[in-house]
Amino acid sequence: MSTNFRAASSVAGDVDGSGVRVGIVCGRFNDHITTRLLEGAGNALAVHGVAEADVTVVWVPGAYEIPMAAKSLIANGHVDAVVCLGAVIRGETSHYDFVAGECARGIQDVQLSTGVPVVFGVLTTENLEQALARSSEEDNKGEESVKTALEMVNLLRKLSAGRS
Ligand code: INI
């Protein structure tokens with residue numbers, strides 16, 4: 001990122017995962033895709049130093065149930081961030097719009113109401129081909145979502161310590 005803009009202070013989180021407890025909520029619906037997202041998330045957790053003992057994986061029936069499980073993980077004090085993994089693939093009916101929309105809305109509600117980062121690692125695609133492409137080794141929404149979670153945890157820690 002290159003800019004001439006100058007400010008009195010500038011703050012951003014890094015992706016150091018040491019000492020960060022991460023919950024992963026994963027939808028079983030379209031599990032041929034969500035297991036690939038989980039794989040990508042697992043790789044990123046290891047690369048960024050999150051201890052295996054600090055990771056909790058929770059399975060739910062589908063994307064619609066993800067916000068409820070994320071909220072419960074946070075309420076029970078197990079995690080510093082939640083990564084939500086799901087795959088909503090457009091079908092013939094309007095069901096897609098309700099499931100994807102309510103999942104996104106619920107995730108944002110949970111993170112804003114709890115103050116704990118909850119990452120939207122849910123694929124919403126037109127077709128299976130797009131879902132496969134976004135859950136591949138080269139481009140994986142699960143991996144990207146873990147990095148987002150770590151960055152947000154470390155950013156919030158800095159901001160709450162007044163280092164802004
Ligand atoms: N759940 C998904 O995670 N992805 C989908 O594509 C999907 N579609 O298309 O129906 C889906 N439906 C199930 C939904 O998440 C709930 O589990 C169900 O409605 C019960 O509340």
# chains A, B, ... in the order shown; residues from 1 in each chain; ligands from 1
call {"tool": "residues_near_ligand", "arguments": {"ligand": "ligand 1", "cutoff": "9 Å", "atoms": "only C-alpha atoms and all ligand atoms", "output": "JSON, numbers by chain"}}
result
{"A": [26, 27, 28, 29, 30, 31, 34, 60, 61, 62, 63, 64, 65, 66, 85, 86, 87, 88, 89, 90, 91, 93, 94, 95, 96, 97, 98, 99, 100, 103, 122, 123, 124, 125]}
call {"tool": "closest_atom_pairs", "arguments": {"of": "range 94-126 of chain A", "to": "range 147-150 of chain A", "cutoff": "8 Å", "atoms": "only C-alpha atoms", "output": "tab-separated table"}}
result
residue	atom	partner	partner_atom	distance
A:Pro117	CA	A:Ala149	CA	6.4
A:Val118	CA	A:Ala149	CA	7.2
A:Val119	CA	A:Ala149	CA	6.2
call {"tool": "select_by_dssp", "arguments": {"residues": "chain A", "states": "helix (DSSP H, G or I)", "output": "PyMOL selection string"}}
result
chain A and resi 31-47+52-54+63-75+95-114+128-133+141-160
call {"tool": "closest_residue", "arguments": {"among": "A:Ser160, A:Leu73, A:Glu143, A:Ala12", "to": "Val47 in chain A", "atoms": "only C-alpha atoms"}}
result
A:Glu143
call {"tool": "closest_residue", "arguments": {"among": "A:Leu37, A:Pro67, A:Ala131, A:Thr114", "to": "Val146 in chain A", "atoms": "only C-alpha atoms"}}
result
A:Leu37
call {"tool": "atom_distance", "arguments": {"atom1": "CA of Val20 in chain A", "atom2": "CA of Ser72 in chain A"}}
result
18.1 Å
call {"tool": "closest_residue", "arguments": {"among": "A:Asp109, A:Gly17, A:Ser145, A:Ile74", "to": "Ala46 in chain A", "atoms": "only C-alpha atoms"}}
result
A:Gly17
call {"tool": "atom_distance", "arguments": {"atom1": "CA of Met68 in chain A", "atom2": "CA of Ser135 in chain A"}}
result
23.8 Å
